[in-house]
Amino acid sequence: MTARVALIGANGHGRWHRRSIGDLLVGLADVQPITPPPDVPAFTDHRALLAETRPDVVVICTPPHTHLPIALDALDAGCDLLLEKPPVTSLAAHHTLADAAARAGRACQVGFQALGSRAWTRFRAALDPSLTALTAVASWKRDDAYYARAPWAGRRTVAGRPVVDGVLVNPLAHAVMQALASGTAAGAGRPRLLEVERYRVRPIEVEDTAFARITFETGLTLLVAVTLAGEDFIAGEIEARGPFGRALLEYPTDRLALPGDPAPVEVPGRTDLLTNLLDHRTTGAPLLVPLESTIDFTTVLEALTLPDTPAPQLIDVPDRTIPGINALLRLSADTLSLPSELGVPWAAKPDRRRLPAG
Ligand SMILES: NC(=O)c1ccc[n+]([C@@H]2O[C@H](COP(=O)([O-])OP(=O)(O)OC[C@H]3O[C@@H](n4cnc5c(N)ncnc54)[C@H](O)[C@@H]3O)[C@@H](O)[C@H]2O)c1
């Protein structure tokens, strides 16, 4: 049976979903004016879309602070979900959504698409409890237009609701998710301690540069060093170290180097998350990114939104590029150290907090 798929949040990244849904698309909803494909109805209220088009599957690609109510309405309407990342913005919301999906007997896949790659499957297979460290490094550049593109860009809250558009949990969320999933794959248990320094180079409410050290239950350390104010581009590298040597996954490009390999090589092939969800509906194939697999991500996200979490510190640089940042990202990852421990003059005091069991 062919599934009927609807999309809520049709512009922005939703345009990519429109193409991926293709002929299965039965309707679109967006609060802003949109141009739907011929013969596809468009709605300004997602509840009208759900009532009138009766989709089997709904792709939700709206701003993060709107995900939960829309997802609950779609579950009420009997739909399976492909929900964009970050799925929700608090642990309470995670549990509300997970409970609602279980009650409705529906599936919720989360849009961390790099977890559908063959490169990730191979990388994950190389991880085991002998791992001594994990790192995630990325250096991107975002201009002012990026922060002007949407009312929620660069915001910590919108209309009193957390939206949390910081580098760790939105623009470079895939790096954090992939690294946390690596800890899970290595049998390290849940993340238990977060030590984080957050910085910004522009007038935004969240960080565009961050160094986070996360300690898992087994004591395994993950160091995430990421920026949107970078020098040379580093796409996003997850490195696992252990007695076996080093394994490296460049997750945006699916380039992989397993221990002993001379250099990373592209491992082509990704299972698209919507295709996997449709397969799950018909064959019971396991979801690649079920909501429950994102609990560690949401635990870290929530720790960045608490009332006593310090605001990111401004680094005043003229051209929104932090001099020497790429070398610092590398040094931080190599030594598993935060800038304040490396004698960096602009470093802030780290925020240290135990992470809840979930
Ligand atoms: N998986 C990825 O690689 C990836 C990439 C980019 C964005 N995203 C995620 O996709 C989501 C959307 O991001 P974006 O950059 O496209 O945002 P955006 O603001 O550019 O677009 C969101 C769209 O949703 C619409 N919208 C807002 N509230 C709505 C509501 N209540 N009902 C219906 N439509 C509504 C807006 O009008 C807009 O067209 C976010 O969760 C983001 O993190 C994921």
# chains A, B, ... in the order shown; residues from 1 in each chain; ligands from 1
>>> residues_around(residues="Thr298 (chain A)", least_positions_apart="4", cutoff="7 Å", atoms="only C-alpha atoms", output="number ranges by chain")
A: 89-91, 294, 302
>>> residues_around(residues="Ile322 (chain A)", least_positions_apart="4", cutoff="7 Å", atoms="only C-alpha atoms", output="list in words")
Ala229, Gly230 and Val317 of chain A
>>> write_last_selection(atoms="N, CA, C and O atoms", output="compact mmCIF listing (two decimals), in the first residue's frame")
# COMPACT_ATOMS: atom_id res chain seq x y z
N ALA A 229 32.38 30.29 13.50
CA ALA A 229 33.21 31.48 13.28
C ALA A 229 34.62 31.02 12.93
O ALA A 229 35.62 31.54 13.43
N GLY A 230 34.68 30.00 12.04
CA GLY A 230 35.93 29.30 11.79
C GLY A 230 36.79 29.93 10.71
O GLY A 230 36.36 30.82 9.98
N VAL A 317 35.55 40.09 17.88
CA VAL A 317 36.49 40.02 16.75
C VAL A 317 35.87 40.75 15.57
O VAL A 317 34.65 40.68 15.36
>>> residues_near_ligand(ligand="ligand 1", cutoff="9 Å", atoms="only C-alpha atoms and all ligand atoms", output="VMD selection string")
chain A and resid 7 to 16 28 to 34 43 to 46 60 to 67 69 to 70 83 to 88 110 to 114 149 to 153 165 169 to 171 173 to 174
>>> select_by_dssp(residues="region 134-209 of chain A", states="helix (DSSP H, G or I)", output="PyMOL selection string")
chain A and resi 144-148+173-185
>>> closest_residue(among="A:Ile238, A:Ala74, A:Leu68, A:Ala136", to="Leu49 (chain A)", atoms="only C-alpha atoms")
A:Ala74
>>> residues_around(residues="Pro37 (chain A)", least_positions_apart="6", cutoff="10 Å", atoms="only C-alpha atoms", output="list of chain:residue names")
A:Arg18, A:Gly22, A:Leu25, A:Gly27, A:Leu28
>>> residues_around(residues="Pro264 (chain A)", least_positions_apart="4", cutoff="6 Å", atoms="only C-alpha atoms", output="JSON, numbers by chain")
{"A": [255, 256, 257]}
>>> atom_distance(atom1="CA of Leu331 (chain A)", atom2="CA of Asp254 (chain A)")
23.7 Å
>>> residues_around(residues="Arg106 (chain A)", least_positions_apart="5", cutoff="7 Å", atoms="only C-alpha atoms", output="list of chain:residue names")
A:Leu75, A:Cys79, A:Asp80, A:Ala101
>>> write_last_selection(atoms="N, CA, C and O atoms", output="JSON list (two decimals), in the first residue's frame")
[["chain", "number", "residue", "atom", "x", "y", "z"],
["A", 75, "LEU", "N", 0.09, 12.74, 15.89],
["A", 75, "LEU", "CA", -0.11, 11.41, 16.50],
["A", 75, "LEU", "C", -1.60, 11.19, 16.76],
["A", 75, "LEU", "O", -2.13, 10.09, 16.51],
["A", 79, "CYS", "N", -1.00, 9.48, 12.68],
["A", 79, "CYS", "CA", 0.13, 9.50, 11.74],
["A", 79, "CYS", "C", 1.42, 8.99, 12.37],
["A", 79, "CYS", "O", 1.64, 9.17, 13.58],
["A", 80, "ASP", "N", 2.29, 8.41, 11.54],
["A", 80, "ASP", "CA", 3.68, 8.20, 11.92],
["A", 80, "ASP", "C", 4.45, 9.48, 11.59],
["A", 80, "ASP", "O", 4.06, 10.22, 10.68],
["A", 101, "ALA", "N", 3.39, 8.74, 21.52],
["A", 101, "ALA", "CA", 3.63, 7.85, 20.37],
["A", 101, "ALA", "C", 3.34, 6.40, 20.77],
["A", 101, "ALA", "O", 2.72, 5.64, 20.00]]
>>> residues_around(residues="Ala333 (chain A)", least_positions_apart="2", cutoff="10 Å", atoms="only C-alpha atoms", output="list in words")
Ala133, Leu134, Thr135, Ala136, Val137, Phe211, Arg213, Leu222, Leu223, Val224, Ala225, Glu239, Ala327, Leu328, Leu329, Arg330, Leu331, Thr335, Leu336, Ser337 and Leu338 of chain A
>>> select_by_dssp(residues="region 85-282 of chain A", states="strand (DSSP E)", output="NGL selection string")
:A and (108-110 or 133-141 or 157-158 or 161-162 or 191-200 or 209-216 or 221-227 or 229-242 or 245-250 or 255-257 or 265-266)
>>> atom_distance(atom1="CA of Leu72 (chain A)", atom2="CA of Asn276 (chain A)")
21.4 Å
>>> residues_around(residues="Pro55 (chain A)", least_positions_apart="3", cutoff="8 Å", atoms="only C-alpha atoms", output="PyMOL selection string")
chain A and resi 3-6+26+50+58+79
>>> write_last_selection(atoms="all heavy atoms", output="mmCIF file, in the first residue's frame")
data_model
loop_
_atom_site.group_PDB
_atom_site.id
_atom_site.type_symbol
_atom_site.label_atom_id
_atom_site.label_comp_id
_atom_site.auth_asym_id
_atom_site.auth_seq_id
_atom_site.Cartn_x
_atom_site.Cartn_y
_atom_site.Cartn_z
ATOM 1 N N ALA A 3 1.933 4.931 0.937
ATOM 2 C CA ALA A 3 1.622 5.830 2.056
ATOM 3 C C ALA A 3 1.307 7.228 1.541
ATOM 4 O O ALA A 3 1.830 7.666 0.515
ATOM 5 C CB ALA A 3 2.801 5.862 3.013
ATOM 6 N N ARG A 4 0.454 7.904 2.276
ATOM 7 C CA ARG A 4 0.142 9.314 2.006
ATOM 8 C C ARG A 4 0.997 10.152 2.956
ATOM 9 O O ARG A 4 0.922 9.972 4.171
ATOM 10 C CB ARG A 4 -1.345 9.578 2.262
ATOM 11 C CG ARG A 4 -2.278 8.752 1.389
ATOM 12 C CD ARG A 4 -3.712 8.789 1.921
ATOM 13 N NE ARG A 4 -4.267 10.136 2.014
ATOM 14 C CZ ARG A 4 -4.679 10.860 0.984
ATOM 15 N NH1 ARG A 4 -4.634 10.340 -0.235
ATOM 16 N NH2 ARG A 4 -5.159 12.077 1.155
ATOM 17 N N VAL A 5 1.792 11.039 2.409
ATOM 18 C CA VAL A 5 2.753 11.790 3.233
ATOM 19 C C VAL A 5 2.448 13.287 3.145
ATOM 20 O O VAL A 5 2.275 13.834 2.049
ATOM 21 C CB VAL A 5 4.209 11.520 2.776
ATOM 22 C CG1 VAL A 5 5.199 12.265 3.682
ATOM 23 C CG2 VAL A 5 4.509 10.024 2.767
ATOM 24 N N ALA A 6 2.379 13.940 4.302
ATOM 25 C CA ALA A 6 2.168 15.396 4.340
ATOM 26 C C ALA A 6 3.390 16.061 4.967
ATOM 27 O O ALA A 6 4.129 15.422 5.726
ATOM 28 C CB ALA A 6 0.919 15.725 5.142
ATOM 29 N N VAL A 26 0.763 14.559 -0.179
ATOM 30 C CA VAL A 26 -0.686 14.786 -0.319
ATOM 31 C C VAL A 26 -1.100 16.159 0.198
ATOM 32 O O VAL A 26 -2.264 16.541 0.053
ATOM 33 C CB VAL A 26 -1.514 13.699 0.404
ATOM 34 C CG1 VAL A 26 -1.278 12.337 -0.223
ATOM 35 C CG2 VAL A 26 -1.223 13.671 1.909
ATOM 36 N N LEU A 50 -4.247 17.975 8.511
ATOM 37 C CA LEU A 50 -4.415 16.607 9.029
ATOM 38 C C LEU A 50 -5.852 16.128 8.799
ATOM 39 O O LEU A 50 -6.085 14.990 8.373
ATOM 40 C CB LEU A 50 -4.079 16.557 10.523
ATOM 41 C CG LEU A 50 -2.621 16.837 10.886
ATOM 42 C CD1 LEU A 50 -2.455 17.005 12.404
ATOM 43 C CD2 LEU A 50 -1.704 15.725 10.388
ATOM 44 N N VAL A 58 3.574 12.080 8.569
ATOM 45 C CA VAL A 58 3.758 13.530 8.521
ATOM 46 C C VAL A 58 5.231 13.856 8.764
ATOM 47 O O VAL A 58 5.833 13.352 9.721
ATOM 48 C CB VAL A 58 2.883 14.220 9.583
ATOM 49 C CG1 VAL A 58 3.207 15.696 9.672
ATOM 50 C CG2 VAL A 58 1.422 14.051 9.246
ATOM 51 N N CYS A 79 -1.000 9.478 12.684
ATOM 52 C CA CYS A 79 0.132 9.499 11.735
ATOM 53 C C CYS A 79 1.423 8.988 12.373
ATOM 54 O O CYS A 79 1.639 9.165 13.576
ATOM 55 C CB CYS A 79 0.385 10.917 11.260
ATOM 56 S SG CYS A 79 -1.075 11.703 10.576
#
>>> atom_distance(atom1="CA of Pro290 (chain A)", atom2="CA of Ser139 (chain A)")
28.1 Å
>>> decode(residues="region 207-218 of chain A", atoms="all heavy atoms", output="PDB file, in the first residue's frame")
ATOM      1  N   GLU A 207      25.269  30.306  21.667  1.00  0.00           N
ATOM      2  CA  GLU A 207      26.676  30.236  21.280  1.00  0.00           C
ATOM      3  C   GLU A 207      26.826  29.929  19.784  1.00  0.00           C
ATOM      4  O   GLU A 207      25.990  29.231  19.204  1.00  0.00           O
ATOM      5  CB  GLU A 207      27.388  29.153  22.113  1.00  0.00           C
ATOM      6  CG  GLU A 207      27.206  27.719  21.655  1.00  0.00           C
ATOM      7  CD  GLU A 207      25.864  27.096  22.012  1.00  0.00           C
ATOM      8  OE1 GLU A 207      25.070  27.729  22.717  1.00  0.00           O
ATOM      9  OE2 GLU A 207      25.610  25.962  21.558  1.00  0.00           O
ATOM     10  N   ASP A 208      27.917  30.483  19.184  1.00  0.00           N
ATOM     11  CA  ASP A 208      28.269  30.046  17.832  1.00  0.00           C
ATOM     12  C   ASP A 208      29.584  29.268  17.858  1.00  0.00           C
ATOM     13  O   ASP A 208      30.056  28.780  16.831  1.00  0.00           O
ATOM     14  CB  ASP A 208      28.330  31.212  16.835  1.00  0.00           C
ATOM     15  CG  ASP A 208      29.165  32.380  17.334  1.00  0.00           C
ATOM     16  OD1 ASP A 208      30.196  32.125  17.991  1.00  0.00           O
ATOM     17  OD2 ASP A 208      28.783  33.539  17.071  1.00  0.00           O
ATOM     18  N   THR A 209      30.161  29.157  19.045  1.00  0.00           N
ATOM     19  CA  THR A 209      31.421  28.433  19.224  1.00  0.00           C
ATOM     20  C   THR A 209      31.316  27.734  20.574  1.00  0.00           C
ATOM     21  O   THR A 209      30.886  28.348  21.552  1.00  0.00           O
ATOM     22  CB  THR A 209      32.600  29.430  19.234  1.00  0.00           C
ATOM     23  OG1 THR A 209      32.612  30.107  17.964  1.00  0.00           O
ATOM     24  CG2 THR A 209      33.935  28.747  19.479  1.00  0.00           C
ATOM     25  N   ALA A 210      31.678  26.470  20.618  1.00  0.00           N
ATOM     26  CA  ALA A 210      31.519  25.770  21.897  1.00  0.00           C
ATOM     27  C   ALA A 210      32.552  24.665  22.046  1.00  0.00           C
ATOM     28  O   ALA A 210      32.979  24.040  21.057  1.00  0.00           O
ATOM     29  CB  ALA A 210      30.114  25.183  22.006  1.00  0.00           C
ATOM     30  N   PHE A 211      32.907  24.448  23.296  1.00  0.00           N
ATOM     31  CA  PHE A 211      33.795  23.353  23.683  1.00  0.00           C
ATOM     32  C   PHE A 211      33.055  22.623  24.800  1.00  0.00           C
ATOM     33  O   PHE A 211      32.764  23.225  25.840  1.00  0.00           O
ATOM     34  CB  PHE A 211      35.129  23.893  24.196  1.00  0.00           C
ATOM     35  CG  PHE A 211      35.875  24.691  23.157  1.00  0.00           C
ATOM     36  CD1 PHE A 211      35.539  26.013  22.910  1.00  0.00           C
ATOM     37  CD2 PHE A 211      36.902  24.108  22.416  1.00  0.00           C
ATOM     38  CE1 PHE A 211      36.209  26.759  21.943  1.00  0.00           C
ATOM     39  CE2 PHE A 211      37.581  24.844  21.454  1.00  0.00           C
ATOM     40  CZ  PHE A 211      37.229  26.165  21.217  1.00  0.00           C
ATOM     41  N   ALA A 212      32.728  21.373  24.576  1.00  0.00           N
ATOM     42  CA  ALA A 212      31.957  20.629  25.579  1.00  0.00           C
ATOM     43  C   ALA A 212      32.658  19.316  25.864  1.00  0.00           C
ATOM     44  O   ALA A 212      33.004  18.575  24.928  1.00  0.00           O
ATOM     45  CB  ALA A 212      30.541  20.358  25.071  1.00  0.00           C
ATOM     46  N   ARG A 213      32.907  19.052  27.147  1.00  0.00           N
ATOM     47  CA  ARG A 213      33.471  17.749  27.536  1.00  0.00           C
ATOM     48  C   ARG A 213      32.366  16.978  28.244  1.00  0.00           C
ATOM     49  O   ARG A 213      31.803  17.458  29.229  1.00  0.00           O
ATOM     50  CB  ARG A 213      34.685  17.945  28.425  1.00  0.00           C
ATOM     51  CG  ARG A 213      35.405  16.622  28.740  1.00  0.00           C
ATOM     52  CD  ARG A 213      36.779  16.881  29.327  1.00  0.00           C
ATOM     53  NE  ARG A 213      36.710  17.768  30.457  1.00  0.00           N
ATOM     54  CZ  ARG A 213      37.669  18.632  30.814  1.00  0.00           C
ATOM     55  NH1 ARG A 213      38.787  18.705  30.137  1.00  0.00           N
ATOM     56  NH2 ARG A 213      37.517  19.414  31.868  1.00  0.00           N
ATOM     57  N   ILE A 214      32.083  15.824  27.702  1.00  0.00           N
ATOM     58  CA  ILE A 214      30.990  15.007  28.229  1.00  0.00           C
ATOM     59  C   ILE A 214      31.586  13.693  28.712  1.00  0.00           C
ATOM     60  O   ILE A 214      32.347  13.041  27.984  1.00  0.00           O
ATOM     61  CB  ILE A 214      29.939  14.759  27.121  1.00  0.00           C
ATOM     62  CG1 ILE A 214      29.256  16.091  26.760  1.00  0.00           C
ATOM     63  CG2 ILE A 214      28.906  13.720  27.558  1.00  0.00           C
ATOM     64  CD1 ILE A 214      28.410  16.054  25.519  1.00  0.00           C
ATOM     65  N   THR A 215      31.260  13.341  29.951  1.00  0.00           N
ATOM     66  CA  THR A 215      31.772  12.082  30.505  1.00  0.00           C
ATOM     67  C   THR A 215      30.619  11.094  30.607  1.00  0.00           C
ATOM     68  O   THR A 215      29.568  11.418  31.160  1.00  0.00           O
ATOM     69  CB  THR A 215      32.391  12.313  31.897  1.00  0.00           C
ATOM     70  OG1 THR A 215      33.312  13.400  31.792  1.00  0.00           O
ATOM     71  CG2 THR A 215      33.135  11.076  32.393  1.00  0.00           C
ATOM     72  N   PHE A 216      30.823   9.930  30.047  1.00  0.00           N
ATOM     73  CA  PHE A 216      29.806   8.875  30.076  1.00  0.00           C
ATOM     74  C   PHE A 216      29.912   8.073  31.376  1.00  0.00           C
ATOM     75  O   PHE A 216      30.924   8.150  32.094  1.00  0.00           O
ATOM     76  CB  PHE A 216      29.994   7.921  28.887  1.00  0.00           C
ATOM     77  CG  PHE A 216      29.655   8.524  27.547  1.00  0.00           C
ATOM     78  CD1 PHE A 216      30.611   9.243  26.836  1.00  0.00           C
ATOM     79  CD2 PHE A 216      28.397   8.379  26.997  1.00  0.00           C
ATOM     80  CE1 PHE A 216      30.314   9.795  25.598  1.00  0.00           C
ATOM     81  CE2 PHE A 216      28.085   8.926  25.760  1.00  0.00           C
ATOM     82  CZ  PHE A 216      29.048   9.639  25.059  1.00  0.00           C
ATOM     83  N   GLU A 217      28.888   7.260  31.612  1.00  0.00           N
ATOM     84  CA  GLU A 217      28.824   6.393  32.798  1.00  0.00           C
ATOM     85  C   GLU A 217      30.105   5.593  33.041  1.00  0.00           C
ATOM     86  O   GLU A 217      30.550   5.441  34.172  1.00  0.00           O
ATOM     87  CB  GLU A 217      27.697   5.378  32.588  1.00  0.00           C
ATOM     88  CG  GLU A 217      26.495   5.540  33.469  1.00  0.00           C
ATOM     89  CD  GLU A 217      25.312   4.758  32.911  1.00  0.00           C
ATOM     90  OE1 GLU A 217      25.383   3.522  32.816  1.00  0.00           O
ATOM     91  OE2 GLU A 217      24.336   5.407  32.548  1.00  0.00           O
ATOM     92  N   THR A 218      30.704   5.073  31.972  1.00  0.00           N
ATOM     93  CA  THR A 218      31.908   4.247  32.133  1.00  0.00           C
ATOM     94  C   THR A 218      33.162   5.084  32.364  1.00  0.00           C
ATOM     95  O   THR A 218      34.243   4.533  32.566  1.00  0.00           O
ATOM     96  CB  THR A 218      32.178   3.424  30.854  1.00  0.00           C
ATOM     97  OG1 THR A 218      32.311   4.345  29.763  1.00  0.00           O
ATOM     98  CG2 THR A 218      31.081   2.416  30.580  1.00  0.00           C
TER      99      THR A 218
END
